[in-house]
Every structure is written in structure tokens, then in C-alpha cells.
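Trainee: This is the structure I have questions about; it appears just below.
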Amino acid sequence: MLRIENICKKYGEHTALDAVSMEVPKGSIFGLLGPNGAGKTTLLYLMSGLLRPDEGQVTFNDINVRLRKPSTTADIFIVPDEYELPRVSLSEYIRVNSVFYPRFSHDDLQRYLDVFGMTEDTHLGNLSLGQGKKVFMSFAMATHTRVLLMDEPTNGLDIPGKAQFRKFLTEGRTPESIFVVSTHQVKDIEQVLDHIVMFDNSKILANADMQSIFPDGKIDLERYFNERINQQTAE
């Protein structure tokens, strides 16, 4: 269980998150949705333990992630929206970084790379944005950490790449895994989400199971978000 308890975070006078609480159960693909600047990225970094909250805490299996204990960091992987891969060969990157993740699977990494049309025989410094995203996502999935946090993971992916990413999520899920996807491009991932939390103006606008929102299976999260915004305005 990943638990967020009364989290508050400010950047100067700007409030990024205001008294946010939620629980992310095991075995789920969890969506953090909302416009840019709504606090989604901040929450991901708080979940990873890389950012300190002003108030509240985030725990994974009852351990405060901010303590950065080895047992916790080995089980949490974050894929930022923007990152710069080192100018080394992919094989060297794998050799150096895979040792930190005890369930890393080289066979699975190769499978993900093959599907994306990438190979291990490449240099990270020569990749385009989309190619880099495919390689980094392949490595992230291959770590098999119980918590995988992804910020705008479909940015830079072409249409086939987005479809394959959705397939990776559904096939890579286990009863123990927690996948948290932050995005404002809801159409890219709405079909694979189990649960969503929508943000607006640093607060939670909606926190609901997808089945309860769309019992007929006709998913349209953009329409749902706009309806909640209008409802909040009316109140």
C-alpha cells in the first residue's frame, strides 16, 4: 500500500498541494489527472521520496519514503517527464544501474526493446526524445519495482509507441505492483486505468474507481473532468 497522508507542499507563495490524502492499493494502475500545474508532478516526487513535504507524509508498506531506506528505494522507480540520459552506451547504463533493483530482468528488458524497435546496441547520447523515452521506459518496466511512477510517459511517443505502452502496463501488472501514471493527455491511457484522482488548483477534484464512474464501459475522462469542474463552480 502506498499511502499519502495530509500532504501540503508550497513553492514560495504558490501552493502546489493542499491537504491531499489518498491510498494507492496494490495491483492497480492509478491515474493522476489534471491540467499542467495542478500538482501532479509534485505528488509523484513526494511519492518517490525525492521531495520533502511541508506537512504530512507518504508511506510505502508503512515506511516513510522520505527516509530513503535501501529497502524502499529498491522498490520505487520514477520516470520523469523530462530527463537527460548519460552519454554512454545502453549496455553500460544497464550494467551500472540494474544492480540497484533485485528483480531486474534482462530478458524482459530485451523483450520491451524489441517491441519498441530498439536494440541494446545503441548509444544513449544519440537518441531522439521519442527513442530515449522508449529505452528509459523499457528499463523502468524491466526493474520490476513494486512501485513504478510515470510522469507524462506518452510524451514523445508515436501512435504505435503509445499503444505498446498501454500493452506493457496491462501485461506488466502483478498483484503486488503499483503503477501511477500522471498525465494531462488522458486519451492516451484512459482505457487501462483502474482508478483515477483528478486535481485542480492544488486540491483533489475527484477520487474514484473507473468502474464506478463508467459502469457501462463508455470511458470519457475529459467529459467527466469538465462535468466535475462545472459542478464545483456551481457549488
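By convention in this document, the chains of the C-alpha cells carry letters A, B, ... by their order, each chain's residues are numbered from 1, and ligands are numbered from 1 in the order they are shown.
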Gly39 (chain A): which residues within 12 Å, counting only C-alpha atoms, same-chain residues fewer than 3 positions away excluded, as an MDAnalysis selection string?
Mentor: chainID A and resid 7:11 14:20 32:36 42:46 151 182:184 197:205
Trainee: For the strand (DSSP E) assignment from backbone DSSP, which residues of region 9-198 of chain A qualify? Please present them as a VMD selection string.
Mentor: chain A and resid 9 to 11 14 to 24 28 to 33 55 to 60 63 to 64 76 to 79 147 to 151 178 to 183 195 to 198
Trainee: State, in Å with one decimal place, the distance from CA of Leu193 (chain A) to CA of Met210 (chain A).
Mentor: 7.1 Å
Trainee: Kindly provide the residues of region 32-115 of chain A that approach region 163-178 of chain A to within 10 Å, each paired with its closest atom pair and their distance in Å to one decimal, based on only C-alpha atoms, listed by chain and increasing number, as JSON lines.
Mentor:
{"residue": "A:Asp75", "atom": "CA", "partner": "A:Ser177", "partner_atom": "CA", "distance": 9.7}
{"residue": "A:Ile76", "atom": "CA", "partner": "A:Ile178", "partner_atom": "CA", "distance": 9.4}
{"residue": "A:Asp108", "atom": "CA", "partner": "A:Gly172", "partner_atom": "CA", "distance": 10.0}
{"residue": "A:Tyr112", "atom": "CA", "partner": "A:Phe168", "partner_atom": "CA", "distance": 8.0}
{"residue": "A:Val115", "atom": "CA", "partner": "A:Gln164", "partner_atom": "CA", "distance": 7.6}
Trainee: May I have the selected residues written with N, CA and C atoms, as a PDB file, in the first residue's frame?
Mentor:
ATOM      1  N   ASP A  75      12.555  -0.474  -4.402  1.00  0.00           N
ATOM      2  CA  ASP A  75      11.224  -0.896  -4.817  1.00  0.00           C
ATOM      3  C   ASP A  75      10.390   0.238  -5.411  1.00  0.00           C
ATOM      4  N   ILE A  76      11.021   1.398  -5.638  1.00  0.00           N
ATOM      5  CA  ILE A  76      10.322   2.536  -6.238  1.00  0.00           C
ATOM      6  C   ILE A  76      11.162   3.077  -7.385  1.00  0.00           C
ATOM      7  N   ASP A 108      13.383  -9.480 -19.896  1.00  0.00           N
ATOM      8  CA  ASP A 108      12.229  -8.611 -20.101  1.00  0.00           C
ATOM      9  C   ASP A 108      12.642  -7.304 -20.758  1.00  0.00           C
ATOM     10  N   TYR A 112      11.035  -5.776 -24.187  1.00  0.00           N
ATOM     11  CA  TYR A 112      10.455  -4.442 -24.328  1.00  0.00           C
ATOM     12  C   TYR A 112      11.157  -3.659 -25.437  1.00  0.00           C
ATOM     13  N   VAL A 115      10.039  -4.870 -28.905  1.00  0.00           N
ATOM     14  CA  VAL A 115       8.701  -4.406 -29.280  1.00  0.00           C
ATOM     15  C   VAL A 115       8.738  -2.946 -29.713  1.00  0.00           C
TER      16      VAL A 115
END
Trainee: Enumerate, as a PyMOL selection string, the complete set of residues in region 25-225 of chain A that a backbone-based DSSP assignment places in alpha helix (DSSP H).
Mentor: chain A and resi 40-48+70-73+90-97+106-115+129-143+159-172+210-213+221-225
Trainee: Take the residues just selected and output them with C-alpha atoms as a short mmCIF file (atom, residue, chain, number, x, y, z; two decimals), in the first residue's frame.
Mentor:
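So the final result, stored in result-v5.cif, reads:
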data_model
loop_
_atom_site.label_atom_id
_atom_site.label_comp_id
_atom_site.auth_asym_id
_atom_site.auth_seq_id
_atom_site.Cartn_x
_atom_site.Cartn_y
_atom_site.Cartn_z
CA LYS A 40 0.58 16.02 -10.30
CA THR A 41 4.36 16.09 -10.82
CA THR A 42 4.95 17.38 -7.30
CA LEU A 43 2.93 14.49 -5.90
CA LEU A 44 4.93 11.95 -7.91
CA TYR A 45 8.19 13.28 -6.50
CA LEU A 46 6.75 13.20 -3.00
CA MET A 47 5.70 9.58 -3.58
CA SER A 48 9.24 8.70 -4.61
CA PRO A 70 17.52 0.96 0.71
CA SER A 71 14.61 -1.46 1.05
CA THR A 72 12.26 1.29 -0.13
CA THR A 73 14.36 2.90 -2.86
CA LEU A 90 22.87 1.39 -23.26
CA SER A 91 24.73 -1.75 -22.22
CA GLU A 92 26.91 0.33 -19.86
CA TYR A 93 23.84 2.07 -18.44
CA ILE A 94 22.27 -1.32 -17.75
CA ARG A 95 25.45 -2.66 -16.14
CA VAL A 96 25.74 0.29 -13.77
CA ASN A 97 22.08 0.78 -12.83
CA HIS A 106 17.47 -8.57 -18.64
CA ASP A 107 15.23 -10.88 -20.67
CA ASP A 108 12.23 -8.61 -20.10
CA LEU A 109 14.29 -5.55 -20.99
CA GLN A 110 15.23 -7.15 -24.28
CA ARG A 111 11.59 -8.03 -24.94
CA TYR A 112 10.45 -4.44 -24.33
CA LEU A 113 13.23 -3.04 -26.52
CA ASP A 114 12.33 -5.45 -29.32
CA VAL A 115 8.70 -4.41 -29.28
CA LEU A 129 13.28 12.32 -27.46
CA GLY A 130 10.97 9.50 -28.52
CA GLN A 131 13.76 6.93 -28.74
CA GLY A 132 15.08 7.95 -25.33
CA LYS A 133 11.60 7.61 -23.85
CA LYS A 134 11.25 4.09 -25.28
CA VAL A 135 14.62 3.00 -23.88
CA PHE A 136 14.06 4.53 -20.45
CA MET A 137 10.52 3.10 -20.18
CA SER A 138 11.87 -0.32 -21.17
CA PHE A 139 14.47 -0.17 -18.42
CA ALA A 140 11.90 1.08 -15.89
CA MET A 141 9.49 -1.77 -16.65
CA ALA A 142 12.33 -4.31 -16.50
CA THR A 143 13.28 -3.28 -12.94
CA ILE A 159 0.95 6.32 -32.05
CA PRO A 160 2.28 2.73 -32.21
CA GLY A 161 4.52 3.50 -29.22
CA LYS A 162 1.55 4.73 -27.19
CA ALA A 163 -0.39 1.58 -27.98
CA GLN A 164 2.55 -0.58 -26.96
CA PHE A 165 2.98 1.39 -23.73
CA ARG A 166 -0.63 0.61 -22.80
CA LYS A 167 0.03 -3.05 -23.52
CA PHE A 168 3.14 -3.00 -21.31
CA LEU A 169 1.12 -1.59 -18.43
CA THR A 170 -1.62 -4.19 -18.59
CA GLU A 171 0.76 -7.12 -19.15
CA GLY A 172 3.32 -5.91 -16.58
CA MET A 210 -13.17 3.71 -13.03
CA GLN A 211 -15.86 1.06 -12.87
CA SER A 212 -17.97 3.24 -10.59
CA ILE A 213 -17.63 6.25 -12.91
CA LEU A 221 -12.44 11.18 -18.78
CA GLU A 222 -12.27 14.59 -20.46
CA ARG A 223 -16.04 14.88 -20.30
CA TYR A 224 -16.06 13.64 -16.69
CA PHE A 225 -13.41 16.18 -15.69
#
Trainee: As an exercise, work out the distance from CA of Glu55 (chain A) to CA of Leu2 (chain A) in Å and give it to one decimal place.
Mentor: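 It comes out at 17.0 Å.
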Trainee: Counting only C-alpha atoms, which of A:Arg103, A:Ser98, A:Leu124, A:Gly49 gets nearest to Pro86 (chain A)?
Mentor: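 For Pro86 (chain A), the nearest of the candidates is A:Leu124.
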Trainee: Counting only C-alpha atoms, which of A:Leu50, A:Phe100, A:Glu152, A:Asp121 gets nearest to Ile189 (chain A)?
Mentor: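 Distance minimum relative to Ile189 (chain A) lands on A:Glu152.
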Trainee: Might you pull out every residue within 8 Å of Thr59 (chain A), with only C-alpha atoms counted and same-chain residues fewer than 4 positions away left off, and present them as a list of chain:residue names?
Mentor: A:Leu2, A:Arg3, A:Ile4, A:Met47, A:Ile63, A:Asn64, A:Val65
Trainee: If you keep N, CA, C and O atoms, can you produce a file of those selected residues as an mmCIF file, in the first residue's frame?
Mentor:
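Writing done, so here's again-v3.cif:
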data_model
loop_
_atom_site.group_PDB
_atom_site.id
_atom_site.type_symbol
_atom_site.label_atom_id
_atom_site.label_comp_id
_atom_site.auth_asym_id
_atom_site.auth_seq_id
_atom_site.Cartn_x
_atom_site.Cartn_y
_atom_site.Cartn_z
ATOM 1 N N LEU A 2 0.555 2.165 -0.894
ATOM 2 C CA LEU A 2 1.187 3.477 -0.923
ATOM 3 C C LEU A 2 0.164 4.452 -0.355
ATOM 4 O O LEU A 2 -0.943 4.584 -0.881
ATOM 5 N N ARG A 3 0.538 5.132 0.739
ATOM 6 C CA ARG A 3 -0.424 5.972 1.449
ATOM 7 C C ARG A 3 0.078 7.414 1.512
ATOM 8 O O ARG A 3 1.207 7.669 1.924
ATOM 9 N N ILE A 4 -0.770 8.348 1.093
ATOM 10 C CA ILE A 4 -0.476 9.777 1.146
ATOM 11 C C ILE A 4 -1.365 10.380 2.227
ATOM 12 O O ILE A 4 -2.597 10.266 2.154
ATOM 13 N N MET A 47 5.882 11.030 -3.688
ATOM 14 C CA MET A 47 5.701 9.584 -3.582
ATOM 15 C C MET A 47 7.028 8.842 -3.666
ATOM 16 O O MET A 47 7.221 7.807 -3.028
ATOM 17 N N ILE A 63 6.424 2.540 5.751
ATOM 18 C CA ILE A 63 7.724 3.191 5.914
ATOM 19 C C ILE A 63 7.688 4.535 5.199
ATOM 20 O O ILE A 63 7.286 4.619 4.031
ATOM 21 N N ASN A 64 8.095 5.589 5.887
ATOM 22 C CA ASN A 64 8.136 6.920 5.302
ATOM 23 C C ASN A 64 9.147 6.926 4.142
ATOM 24 O O ASN A 64 10.337 6.676 4.336
ATOM 25 N N VAL A 65 8.675 7.212 2.923
ATOM 26 C CA VAL A 65 9.555 7.142 1.763
ATOM 27 C C VAL A 65 10.654 8.202 1.812
ATOM 28 O O VAL A 65 11.701 8.046 1.175
#
Trainee: Quick check, in Å to one decimal: how far apart do CA of Glu190 (chain A) and CA of Phe30 (chain A) lie?
Mentor: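 We find that CA of Glu190 (chain A) and CA of Phe30 (chain A) lie 10.1 Å from each other.
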Trainee: Can you tell me, as a PyMOL selection string, what residues are no more than 6 Å from Ile196 (chain A) when counting only C-alpha atoms, ignoring any on the same chain fewer than 5 positions away?
Mentor: chain A and resi 30-31+207-208
